[in-house]
file input-v7.txt (compact mmCIF, C-alpha atoms)
# COMPACT_ATOMS: atom_id res chain seq x y z
CA MET A 3 3.97 -6.01 55.98
CA ASN A 4 0.96 -7.97 56.98
CA CYS A 5 1.38 -11.69 56.26
CA GLU A 6 -2.30 -11.99 55.41
CA LEU A 7 -1.85 -9.55 52.54
CA SER A 8 1.37 -10.94 51.23
CA ALA A 9 0.13 -14.20 49.68
CA THR A 10 0.44 -12.94 46.10
CA THR A 11 3.50 -10.91 47.12
CA LEU A 12 5.15 -14.11 48.29
CA HIS A 13 4.43 -15.79 44.94
CA GLY A 14 5.43 -12.68 43.05
CA TYR A 15 8.71 -12.60 44.95
CA PHE A 16 9.25 -16.31 44.36
CA ASP A 17 8.63 -15.84 40.62
CA GLY A 18 10.89 -12.81 40.44
CA GLU A 19 7.96 -10.62 39.37
CA LEU A 20 8.20 -7.95 42.07
CA ASP A 21 9.88 -4.65 41.32
CA ALA A 22 13.04 -3.87 43.30
CA VAL A 23 11.26 -1.75 45.92
CA ARG A 24 8.58 -4.31 46.69
CA ALA A 25 11.11 -7.15 46.62
CA ALA A 26 13.26 -5.31 49.17
CA GLU A 27 10.18 -4.69 51.33
CA PHE A 28 9.27 -8.36 51.18
CA GLU A 29 12.79 -9.46 52.06
CA LYS A 30 12.71 -7.13 55.05
CA HIS A 31 9.39 -8.63 56.11
CA MET A 32 10.54 -12.20 55.50
CA ALA A 33 13.60 -11.76 57.73
CA SER A 34 11.29 -11.71 60.70
CA CYS A 35 8.50 -13.96 59.36
CA ALA A 36 9.08 -17.69 59.77
CA ASN A 37 5.79 -18.37 58.05
CA CYS A 38 6.84 -16.70 54.82
CA GLN A 39 10.27 -18.35 54.95
CA ALA A 40 8.58 -21.72 55.23
CA SER A 41 6.14 -20.92 52.43
CA LEU A 42 8.97 -19.90 50.16
CA LYS A 43 10.78 -23.13 50.89
CA GLY A 44 7.58 -25.04 50.14
CA LEU A 45 7.22 -23.27 46.82
CA ARG A 46 10.81 -24.17 45.93
CA SER A 47 10.31 -27.81 46.75
CA LEU A 48 7.14 -27.85 44.69
CA ARG A 49 8.94 -26.33 41.74
CA VAL A 50 11.87 -28.70 42.04
CA GLY A 51 9.46 -31.62 42.35
CA LEU A 52 7.58 -30.61 39.21
CA GLN A 53 10.79 -30.13 37.28
CA LYS A 54 12.31 -33.40 38.43
CA ALA A 55 9.12 -35.30 37.61
CA ASP A 56 9.79 -34.75 33.94
CA LEU A 57 6.21 -33.78 33.18
CA TYR A 58 7.00 -31.78 30.06
CA GLN A 59 5.68 -33.35 26.90
CA GLY A 60 7.28 -32.02 23.73
CA ALA A 61 6.26 -32.61 20.15
CA SER A 62 6.90 -36.05 18.70
CA ILE A 63 8.99 -36.46 15.57
CA ARG A 64 5.82 -37.65 13.84
CA LEU A 65 4.03 -34.38 14.68
CA ARG A 66 6.98 -32.28 13.54
CA SER A 67 7.13 -34.03 10.19
CA LYS A 68 3.35 -33.74 9.83
CA ILE A 69 3.51 -30.00 10.44
CA ALA A 70 6.43 -29.60 8.05
CA GLU A 71 4.48 -31.60 5.45
CA GLU A 72 1.36 -29.46 5.91
CA LEU A 73 3.33 -26.22 5.66
CA GLY A 74 5.08 -27.60 2.58
CA SER A 75 1.79 -28.56 0.93
CA GLN A 76 0.31 -25.17 1.78
CA GLY A 77 3.43 -23.67 0.24
CA ARG A 78 2.91 -25.80 -2.86
CA GLY A 79 -0.73 -24.79 -2.84
CA SER A 80 0.27 -21.19 -2.98
CA SER A 81 2.76 -21.85 -5.75
CA ARG A 82 -0.01 -23.63 -7.66
CA LYS A 83 -2.15 -20.56 -7.18
CA TRP A 84 0.77 -18.48 -8.31
CA LYS A 85 1.07 -20.62 -11.43
CA SER A 86 -2.63 -20.39 -12.13
CA PHE A 87 -2.15 -16.64 -12.06
CA LEU A 88 1.06 -16.81 -14.07
CA VAL A 89 -0.41 -18.74 -17.01
CA PRO A 90 -3.06 -16.15 -17.94
CA ALA A 91 -0.58 -13.36 -17.27
CA LEU A 92 1.95 -14.92 -19.63
CA SER A 93 -0.76 -15.51 -22.24
CA MET A 94 -1.68 -11.86 -21.95
CA VAL A 95 1.95 -10.82 -22.44
CA ILE A 96 2.27 -13.09 -25.50
CA LEU A 97 -0.97 -11.70 -26.91
CA LEU A 98 0.25 -8.13 -26.40
CA ILE A 99 3.54 -8.94 -28.12
CA ALA A 100 1.62 -10.47 -31.02
CA VAL A 101 -0.64 -7.43 -31.30
CA TRP A 102 2.36 -5.13 -31.07
CA ALA A 103 4.19 -7.14 -33.75
CA ALA A 104 1.09 -7.02 -35.96
CA VAL A 105 0.83 -3.25 -35.49
CA ILE A 106 4.52 -2.83 -36.31
CA THR A 107 4.19 -5.02 -39.41
CA GLN A 108 1.09 -3.16 -40.49
CA HIS A 109 2.79 0.15 -39.87
CA ARG A 110 5.78 -0.94 -41.90
CA ALA A 111 3.50 -2.17 -44.67
CA TYR A 112 1.63 1.15 -44.59
CA SER A 113 4.88 3.07 -44.65
CA VAL A 114 6.20 1.09 -47.63
CA ARG A 115 2.89 1.43 -49.49
CA LEU A 116 2.80 5.15 -48.76
CA GLN A 117 6.32 5.72 -50.07
CA ALA A 118 5.45 3.78 -53.22
CA GLU A 119 2.36 5.91 -53.76
CA LEU A 120 4.24 9.14 -53.12
CA ILE A 121 6.92 8.18 -55.60
CA ASP A 122 4.24 7.22 -58.13
CA ALA A 123 2.61 10.61 -57.52
CA HIS A 124 5.96 12.28 -58.04
CA VAL A 125 6.55 10.37 -61.29
CA ARG A 126 2.99 11.18 -62.43
CA SER A 127 3.57 14.86 -61.74
CA LEU A 128 6.51 14.79 -64.13
CA GLN A 129 4.17 13.95 -67.02
CA PRO A 130 3.47 16.94 -69.24
CA GLY A 131 0.76 19.15 -67.88
CA HIS A 132 0.55 17.33 -64.56
CA LEU A 133 3.11 19.14 -62.48
CA THR A 134 1.08 22.06 -61.19
CA ASP A 135 -2.54 23.14 -61.03
CA VAL A 136 -1.50 26.58 -59.94
CA GLN A 137 1.70 27.71 -61.51
CA SER A 138 3.25 30.51 -59.56
CA THR A 139 6.47 31.32 -57.84
CA ASP A 140 4.57 33.52 -55.45
CA GLN A 141 3.67 31.87 -52.19
CA HIS A 142 0.89 34.41 -51.76
CA THR A 143 -0.72 33.08 -54.92
CA VAL A 144 -0.15 29.42 -54.22
CA LYS A 145 -1.33 29.39 -50.62
CA PRO A 146 -4.78 30.96 -51.25
CA TRP A 147 -5.24 28.65 -54.19
CA PHE A 148 -5.50 25.69 -51.80
CA ASP A 149 -8.14 27.54 -49.81
CA GLY A 150 -11.45 25.75 -50.26
CA LYS A 151 -9.86 22.84 -52.12
CA LEU A 152 -8.51 21.21 -48.97
CA ASP A 153 -9.76 21.02 -45.41
CA PHE A 154 -6.39 22.25 -44.21
CA ILE A 155 -3.92 25.01 -45.11
CA PRO A 156 -0.46 23.75 -46.00
CA PRO A 157 2.50 25.94 -45.09
CA VAL A 158 3.76 27.48 -48.31
CA GLY A 159 7.08 29.23 -48.60
CA ASP A 160 9.36 30.29 -51.43
CA PHE A 161 13.02 29.49 -50.98
CA SER A 162 14.41 30.92 -54.20
CA ALA A 163 17.11 32.71 -52.29
CA GLN A 164 18.32 29.37 -50.93
CA GLY A 165 18.19 27.68 -54.35
CA PHE A 166 14.79 26.06 -53.97
CA PRO A 167 12.38 28.22 -55.98
CA LEU A 168 8.68 27.58 -55.51
CA LEU A 169 7.21 26.55 -58.87
CA GLY A 170 3.59 25.99 -57.97
CA GLY A 171 1.11 23.66 -56.33
CA ARG A 172 -1.50 21.07 -57.09
CA LEU A 173 -3.89 18.68 -55.48
CA ASP A 174 -2.97 15.04 -55.36
CA VAL A 175 -4.55 11.93 -53.92
CA ILE A 176 -2.48 9.65 -51.71
CA GLU A 177 -4.02 6.62 -50.02
CA GLY A 178 -7.45 7.89 -50.98
CA ARG A 179 -6.87 11.20 -49.27
CA ASN A 180 -6.49 14.70 -50.73
CA VAL A 181 -3.04 16.07 -50.13
CA ALA A 182 -1.32 19.29 -51.04
CA ALA A 183 1.66 18.98 -53.34
CA LEU A 184 4.06 21.87 -53.53
CA VAL A 185 6.60 21.86 -56.31
CA TYR A 186 10.10 23.24 -55.84
CA GLY A 187 12.93 23.49 -58.28
CA ARG A 188 16.49 22.55 -57.53
CA ARG A 189 18.79 23.43 -60.37
CA LYS A 190 17.16 21.53 -63.22
CA HIS A 191 15.40 19.04 -60.99
CA LEU A 192 11.96 19.00 -59.46
CA ILE A 193 11.01 18.31 -55.90
CA ASN A 194 7.53 17.44 -54.69
CA LEU A 195 6.61 18.32 -51.14
CA PHE A 196 3.50 16.43 -50.11
CA VAL A 197 1.65 17.79 -47.09
CA TRP A 198 -1.43 16.45 -45.33
CA PRO A 199 -2.82 16.67 -41.87
CA GLU A 200 -2.09 13.78 -39.55
CA GLY A 201 -5.08 11.49 -39.39
CA LYS A 202 -5.63 8.12 -37.84
CA ASP A 203 -2.64 6.81 -39.75
CA PRO A 204 0.64 6.37 -37.96
CA ALA A 205 3.33 8.95 -38.37
CA VAL A 206 5.86 8.17 -41.03
CA SER A 207 9.31 9.54 -40.68
CA GLY A 208 12.61 8.62 -42.18
CA GLU A 209 14.37 8.72 -45.49
CA GLY A 210 15.29 6.35 -48.23
CA SER A 211 15.55 5.58 -51.92
CA ARG A 212 13.17 3.77 -54.18
CA GLN A 213 13.14 3.35 -57.95
CA GLY A 214 16.01 5.86 -58.21
CA TYR A 215 14.11 8.54 -56.25
CA ASN A 216 14.95 9.79 -52.79
CA TRP A 217 12.35 10.49 -50.18
CA LEU A 218 12.37 12.18 -46.82
CA SER A 219 9.40 12.05 -44.46
CA TRP A 220 8.76 13.74 -41.17
CA ARG A 221 5.98 14.90 -38.99
CA ALA A 222 5.74 18.40 -37.58
CA GLY A 223 2.90 19.73 -35.51
CA ASP A 224 -0.19 17.95 -36.78
CA MET A 225 1.11 17.78 -40.37
CA GLN A 226 2.78 14.99 -42.22
CA PHE A 227 5.44 16.04 -44.75
CA CYS A 228 7.17 14.05 -47.46
CA LEU A 229 9.75 15.22 -49.98
CA VAL A 230 10.27 13.15 -53.13
CA SER A 231 12.80 13.91 -55.83
CA ASP A 232 15.72 12.66 -57.83
CA VAL A 233 17.96 15.21 -56.11
CA SER A 234 20.28 14.00 -53.37
CA LEU A 235 19.12 13.36 -49.80
CA THR A 236 21.43 16.18 -48.74
CA ASP A 237 19.39 18.58 -50.88
CA LEU A 238 16.17 17.17 -49.46
CA ARG A 239 17.45 17.66 -45.90
CA GLU A 240 18.35 21.24 -46.74
CA LEU A 241 14.86 21.90 -48.07
CA GLN A 242 13.38 20.20 -44.99
CA GLN A 243 15.23 22.68 -42.78
CA LEU A 244 13.84 25.57 -44.85
CA VAL A 245 10.28 24.27 -44.69
CA GLN A 246 10.58 23.84 -40.94
CA HIS A 247 11.66 27.45 -40.39
CA MET B 8 -1.43 -17.98 1.21
CA LEU B 9 1.71 -16.67 2.80
CA PRO B 10 4.54 -15.37 0.64
CA ALA B 11 7.78 -17.35 0.86
CA GLN B 12 9.54 -14.87 3.19
CA ASP B 13 6.62 -15.05 5.64
CA LYS B 14 6.82 -18.82 5.61
CA THR B 15 10.51 -18.59 6.50
CA ARG B 16 9.68 -16.09 9.24
CA PHE B 17 6.99 -18.42 10.58
CA GLU B 18 9.46 -21.30 10.61
CA GLN B 19 12.00 -19.19 12.48
CA LEU B 20 9.68 -17.50 14.98
CA VAL B 21 6.84 -19.91 15.65
CA LEU B 22 7.99 -23.46 14.91
CA PRO B 23 10.58 -23.45 17.75
CA HIS B 24 7.57 -23.31 20.11
CA VAL B 25 5.83 -26.43 18.86
CA ASP B 26 7.07 -28.26 21.98
CA ALA B 27 5.42 -25.61 24.16
CA ALA B 28 2.23 -25.96 22.11
CA VAL B 29 2.10 -29.72 22.61
CA ASN B 30 2.93 -29.47 26.30
CA LEU B 31 0.20 -26.93 27.00
CA ALA B 32 -2.34 -28.95 25.01
CA ARG B 33 -1.28 -32.14 26.77
CA TRP B 34 -1.97 -30.66 30.20
CA LEU B 35 -5.13 -28.82 29.26
CA LEU B 36 -6.64 -31.87 27.55
CA ARG B 37 -4.97 -34.40 29.88
CA ASN B 38 -4.43 -36.65 26.93
CA PRO B 39 -1.14 -36.99 25.01
CA GLU B 40 -2.72 -38.20 21.73
CA ASP B 41 -5.42 -35.54 21.51
CA ALA B 42 -2.77 -33.00 22.49
CA GLU B 43 -0.77 -33.72 19.34
CA ASP B 44 -3.84 -33.40 17.13
CA VAL B 45 -5.00 -30.15 18.71
CA ALA B 46 -1.46 -28.73 18.74
CA GLN B 47 -1.04 -29.58 15.06
CA GLU B 48 -4.33 -27.93 14.20
CA ALA B 49 -3.40 -24.88 16.28
CA VAL B 50 0.01 -24.53 14.59
CA LEU B 51 -1.62 -24.67 11.17
CA ARG B 52 -4.21 -22.13 12.28
CA ALA B 53 -1.36 -19.93 13.51
CA TYR B 54 0.22 -20.31 10.07
CA ARG B 55 -2.97 -19.18 8.37
CA PHE B 56 -3.30 -16.20 10.70
CA PHE B 57 0.40 -15.38 10.72
CA SER B 58 -0.16 -12.20 8.71
CA GLY B 59 -2.09 -10.98 11.78
CA PHE B 60 0.94 -11.51 14.05
CA ARG B 61 2.22 -8.03 14.84
CA GLY B 62 5.55 -9.16 16.22
CA GLY B 63 6.39 -9.49 19.88
CA ASP B 64 6.26 -12.71 21.86
CA ALA B 65 5.77 -15.47 19.30
CA ARG B 66 5.55 -18.17 21.97
CA ALA B 67 2.76 -16.36 23.84
CA TRP B 68 1.01 -15.71 20.53
CA LEU B 69 1.13 -19.39 19.57
CA LEU B 70 0.17 -20.60 23.05
CA GLN B 71 -2.84 -18.29 23.04
CA ILE B 72 -4.06 -20.01 19.85
CA VAL B 73 -3.30 -23.42 21.36
CA ARG B 74 -5.21 -22.53 24.51
CA ASN B 75 -8.23 -21.37 22.53
CA SER B 76 -8.16 -24.56 20.45
CA CYS B 77 -7.97 -26.62 23.63
CA TYR B 78 -10.88 -24.83 25.26
CA THR B 79 -12.97 -25.32 22.12
CA TRP B 80 -12.04 -28.97 22.15
CA LEU B 81 -12.94 -29.27 25.83
CA GLU B 82 -16.24 -27.48 25.40
CA LYS B 83 -17.21 -29.92 22.65
CA ARG B 84 -16.27 -33.04 24.55
CA MET B 85 -16.72 -32.20 28.19
CA PRO B 86 -18.81 -29.07 28.64
CA ALA B 87 -18.58 -29.23 32.41
CA GLU B 88 -14.79 -29.00 32.38
CA SER B 89 -14.19 -25.67 30.74
CA VAL B 90 -16.88 -23.74 32.55
CA MET B 91 -15.70 -25.01 35.90
CA GLU B 92 -14.21 -22.16 37.85
CA PHE B 93 -11.65 -22.64 40.51
CA ASN B 94 -13.57 -24.18 43.35
CA GLU B 95 -11.91 -24.60 46.70
CA GLU B 96 -14.41 -27.10 48.02
CA LEU B 97 -14.36 -29.32 44.99
CA HIS B 98 -10.80 -30.36 45.61
CA GLN B 99 -10.77 -30.81 49.32
CA VAL B 100 -8.51 -33.67 50.22
CA ALA B 101 -7.93 -35.66 53.34
CA SER B 102 -5.55 -34.28 55.93
CA PRO B 103 -1.96 -34.50 54.78
CA ASN B 104 0.46 -36.97 56.15
CA PRO B 105 3.61 -34.88 56.64
CA GLU B 106 5.96 -37.87 56.67
CA THR B 107 5.07 -38.97 53.15
CA ILE B 108 5.14 -35.60 51.44
CA ALA B 109 8.80 -35.59 50.51
CA VAL B 110 8.37 -38.96 48.80
CA GLN B 111 5.19 -37.83 47.09
CA VAL B 112 6.73 -34.69 45.64
CA SER B 113 9.42 -36.71 43.93
CA ASP B 114 6.95 -39.32 42.74
CA ARG B 115 6.18 -38.60 39.09
CA ALA B 116 2.90 -40.49 38.94
CA LYS B 117 1.56 -38.70 42.03
CA LEU B 118 2.62 -35.27 40.72
CA LYS B 119 1.09 -36.00 37.35
CA ALA B 120 -2.16 -37.12 38.95
CA ALA B 121 -2.16 -34.12 41.26
CA LEU B 122 -1.61 -31.69 38.41
CA GLU B 123 -4.28 -33.36 36.30
CA SER B 124 -6.76 -33.17 39.16
CA LEU B 125 -6.50 -29.37 39.26
CA PRO B 126 -9.27 -27.38 37.61
CA VAL B 127 -8.26 -26.42 34.08
CA ARG B 128 -7.74 -22.73 34.85
CA ALA B 129 -5.49 -23.54 37.80
CA ARG B 130 -3.71 -26.21 35.79
CA GLU B 131 -2.91 -23.87 32.92
CA VAL B 132 -1.18 -21.26 35.09
CA ILE B 133 0.89 -23.97 36.83
CA VAL B 134 1.88 -25.51 33.50
CA LEU B 135 2.73 -22.15 31.96
CA ARG B 136 4.69 -20.98 34.99
CA GLU B 137 6.38 -24.12 36.28
CA LEU B 138 6.81 -26.24 33.15
CA GLU B 139 6.99 -23.58 30.46
CA GLY B 140 8.72 -20.87 32.53
CA CYS B 141 6.39 -18.11 31.30
CA SER B 142 6.43 -14.72 32.98
CA TYR B 143 3.23 -13.35 34.50
CA LYS B 144 2.92 -11.05 31.50
CA GLU B 145 3.15 -13.97 29.10
CA ILE B 146 0.61 -15.98 31.10
CA SER B 147 -1.68 -12.97 31.06
CA GLU B 148 -1.34 -12.82 27.26
CA VAL B 149 -1.88 -16.54 26.74
CA ALA B 150 -4.84 -16.86 29.11
CA GLY B 151 -6.29 -13.46 28.31
CA ILE B 152 -6.54 -12.41 31.96
CA PRO B 153 -5.05 -9.42 33.84
CA ILE B 154 -1.69 -9.88 35.58
CA GLY B 155 -3.40 -9.45 38.96
CA THR B 156 -5.62 -12.42 38.15
CA VAL B 157 -2.56 -14.39 37.04
CA MET B 158 -0.98 -13.75 40.45
CA SER B 159 -4.03 -14.71 42.49
CA THR B 160 -4.85 -17.75 40.33
CA LEU B 161 -1.27 -18.93 40.49
CA SER B 162 -0.97 -18.59 44.26
CA ARG B 163 -4.25 -20.43 44.80
CA ALA B 164 -3.30 -23.11 42.27
CA ARG B 165 0.01 -23.76 44.04
CA GLU B 166 -1.64 -23.98 47.39
CA LYS B 167 -4.19 -26.37 45.94
CA LEU B 168 -1.50 -28.49 44.36
CA ALA B 169 0.45 -28.65 47.60
CA GLN B 170 -2.74 -29.58 49.39
CA ILE B 171 -3.45 -32.42 46.95
CA LEU B 172 0.10 -33.64 47.35
CA GLY B 173 -0.51 -34.15 51.01
CA GLY B 174 -1.24 -30.93 52.65
CA ASN B 175 0.31 -27.55 52.72
CA ALA B 176 3.71 -27.83 51.05
CA ALA B 177 4.84 -24.80 52.95
CA LYS B 178 3.87 -26.43 56.18
CA GLU B 179 5.65 -29.58 55.09
CA ALA B 180 8.73 -27.56 54.31
CA SER B 181 8.62 -25.90 57.68
CA ASN B 182 8.46 -29.34 59.29
CA GLU B 183 11.64 -30.22 57.50
CA LEU B 184 13.47 -27.28 58.99
call {"tool": "encode", "arguments": {"input": "input-v7.txt", "output": "structure tokens"}}
result
Amino acid sequence: MNCELSATTLHGYFDGELDAVRAAEFEKHMASCANCQASLKGLRSLRVGLQKADLYQGASIRLRSKIAEELGSQGRGSSRKWKSFLVPALSMVILLIAVWAAVITQHRAYSVRLQAELIDAHVRSLQPGHLTDVQSTDQHTVKPWFDGKLDFIPPVGDFSAQGFPLLGGRLDVIEGRNVAALVYGRRKHLINLFVWPEGKDPAVSGEGSRQGYNWLSWRAGDMQFCLVSDVSLTDLRELQQLVQH
Amino acid sequence: MLPAQDKTRFEQLVLPHVDAAVNLARWLLRNPEDAEDVAQEAVLRAYRFFSGFRGGDARAWLLQIVRNSCYTWLEKRMPAESVMEFNEELHQVASPNPETIAVQVSDRAKLKAALESLPVRAREVIVLRELEGCSYKEISEVAGIPIGTVMSTLSRAREKLAQILGGNAAKEASNEL
């Protein structure tokens, strides 16, 4: 190895940056090169001198605490930003809950009002001459009768065989809307089945009693159904099954 | 701003190297007070850019930011300093006196003065290698120069330093043999 070319090799060797092959080559060269041996010794004494001279200046405690303070304040800054995001977000959540609660309340109010109207309609239908507009036990007479009177066709079935004979049908008005009312008999009792197409109003489903009458509501397809009668809920559920099939 | 887990990561990876940041700034600026200010600013800059840290050598990453801050600082205050390339003739010193070299090398004030008299680009490789113990690869990352340039700059810087300290240190060492 030419000594002229080995200046950076010498430093690389001294710094432990040569790969094993080049390091071995340099060591071989150095064994017979007093110049390189001396240079290496010089480099060592320089390094030792620099290290012994204690020239390293670390961070002061003051700087460390300043940095910690700055990082902390930037952290707080971000948490402030987080809060400024959180407040509108929480307000939005509260608003949504309020709207949801209002919708629920309104829905409940609508549902209660609807049941009251349906029961009134049922009671009204029991007045003489009010029960049916078309009096027939034949579903093929009742169903066409609605044609042209309503903008929908209610499903009409006769369930005489199951103890729910079809007695007839009429038009009724519930919540300002035309609905089909089908009248079924159950022993000596009467059952009104109100049917109307689902509109903008929320679906009403469930069952209950009011003013001594039982009611059973459900939604199927795009139709809303409601049974009202003084017969038991069990009977109403049985009729519901028949209407659904 | 950084999420909390990034702040913790910054504290674990980068803050241990604040000493290295101050030391590099101190030798590049040759002023202990300014060094603390520039190092502080650089650490906070590092914090802001921490999301851009892709992992790897956190010390080299921080020192690179410190170095850039120092060069900006130098360019503002002493434009001649930062543009000055390593110039052999600029630092020619009187012939060494071999007898005094051993004393000089152990003399802190002389070493400090000698190191400070080096051009900034020579000074930074000496500081990174001899005081900070950086590998060539790390120096290349910090200074943004190829490893080959690190090697040649470092060897010239050492020779220059030895020369300032009273001649060729290697020659001095050979005299001691």
call {"tool": "closest_residue", "arguments": {"input": "input-v7.txt", "among": "B:Ala120, B:Leu35, B:Val132, B:Ala28", "to": "Ala164 of chain B", "atoms": "only C-alpha atoms"}}
result
B:Val132
call {"tool": "residues_around", "arguments": {"input": "input-v7.txt", "residues": "Cys141 of chain B", "least_positions_apart": "5", "cutoff": "10 Å", "atoms": "all atoms listed in the file", "output": "PyMOL selection string"}}
result
(chain A and resi 17) or (chain B and resi 66-67+132-136+146-147+149)
call {"tool": "closest_residue", "arguments": {"input": "input-v7.txt", "among": "A:Leu73, A:Val125, A:Ile99, A:Leu57", "to": "Arg33 of chain B", "atoms": "all atoms listed in the file"}}
result
A:Leu57
call {"tool": "closest_residue", "arguments": {"input": "input-v7.txt", "among": "A:Ile69, A:His31, A:Gly51, A:Asp232", "to": "Val21 of chain B", "atoms": "only C-alpha atoms"}}
result
A:Ile69
call {"tool": "residues_near_point", "arguments": {"input": "input-v7.txt", "point": "(8.4, -14.6, 50.9)", "cutoff": "6 Å", "atoms": "all atoms listed in the file", "output": "list of chain:residue names"}}
result
A:Leu12, A:Met32, A:Cys38, A:Gln39, A:Leu42
call {"tool": "interface_residues", "arguments": {"input": "input-v7.txt", "of": "chain A", "to": "chain B", "cutoff": "10 Å", "atoms": "only C-alpha atoms", "output": "PyMOL selection string"}}
result
chain A and resi 9-14+17-19+36-62+64-66+68-70+72-74+76-81+83-84
call {"tool": "atom_distance", "arguments": {"input": "input-v7.txt", "atom1": "atom CA of Val245 of chain A", "atom2": "atom CA of Tyr215 of chain A"}}
result
19.9 Å
call {"tool": "residues_around", "arguments": {"input": "input-v7.txt", "residues": "Val197 of chain A", "least_positions_apart": "2", "cutoff": "9 Å", "atoms": "only C-alpha atoms", "output": "PyMOL selection string"}}
result
chain A and resi 156-157+181-184+195+199+225-229
call {"tool": "atom_distance", "arguments": {"input": "input-v7.txt", "atom1": "atom CA of Gln246 of chain A", "atom2": "atom CA of Gln164 of chain A"}}
result
13.8 Å
call {"tool": "atom_distance", "arguments": {"input": "input-v7.txt", "atom1": "atom CA of Tyr186 of chain A", "atom2": "atom CA of Ala205 of chain A"}}
result
23.6 Å
call {"tool": "residues_near_point", "arguments": {"input": "input-v7.txt", "point": "(12.5, 27.9, -41.7)", "cutoff": "12 Å", "atoms": "all atoms listed in the file", "output": "list in words"}}
result
Pro157, Val158, Gly159, Asp160, Phe161, Gln164, Glu240, Leu241, Gln242, Gln243, Leu244, Val245, Gln246 and His247 of chain A
call {"tool": "residues_around", "arguments": {"input": "input-v7.txt", "residues": "Lys145 of chain A", "least_positions_apart": "2", "cutoff": "8 Å", "atoms": "all atoms listed in the file", "output": "PDB file with C-alpha atoms, keeping the file's coordinate frame"}}
result
ATOM      1  CA  GLN A 141       3.670  31.870 -52.190  1.00  0.00           C
ATOM      2  CA  HIS A 142       0.890  34.410 -51.760  1.00  0.00           C
ATOM      3  CA  THR A 143      -0.720  33.080 -54.920  1.00  0.00           C
ATOM      4  CA  TRP A 147      -5.240  28.650 -54.190  1.00  0.00           C
ATOM      5  CA  PHE A 148      -5.500  25.690 -51.800  1.00  0.00           C
ATOM      6  CA  ASP A 149      -8.140  27.540 -49.810  1.00  0.00           C
ATOM      7  CA  ILE A 155      -3.920  25.010 -45.110  1.00  0.00           C
ATOM      8  CA  PRO A 156      -0.460  23.750 -46.000  1.00  0.00           C
ATOM      9  CA  PRO A 157       2.500  25.940 -45.090  1.00  0.00           C
ATOM     10  CA  VAL A 158       3.760  27.480 -48.310  1.00  0.00           C
TER      11      VAL A 158
END
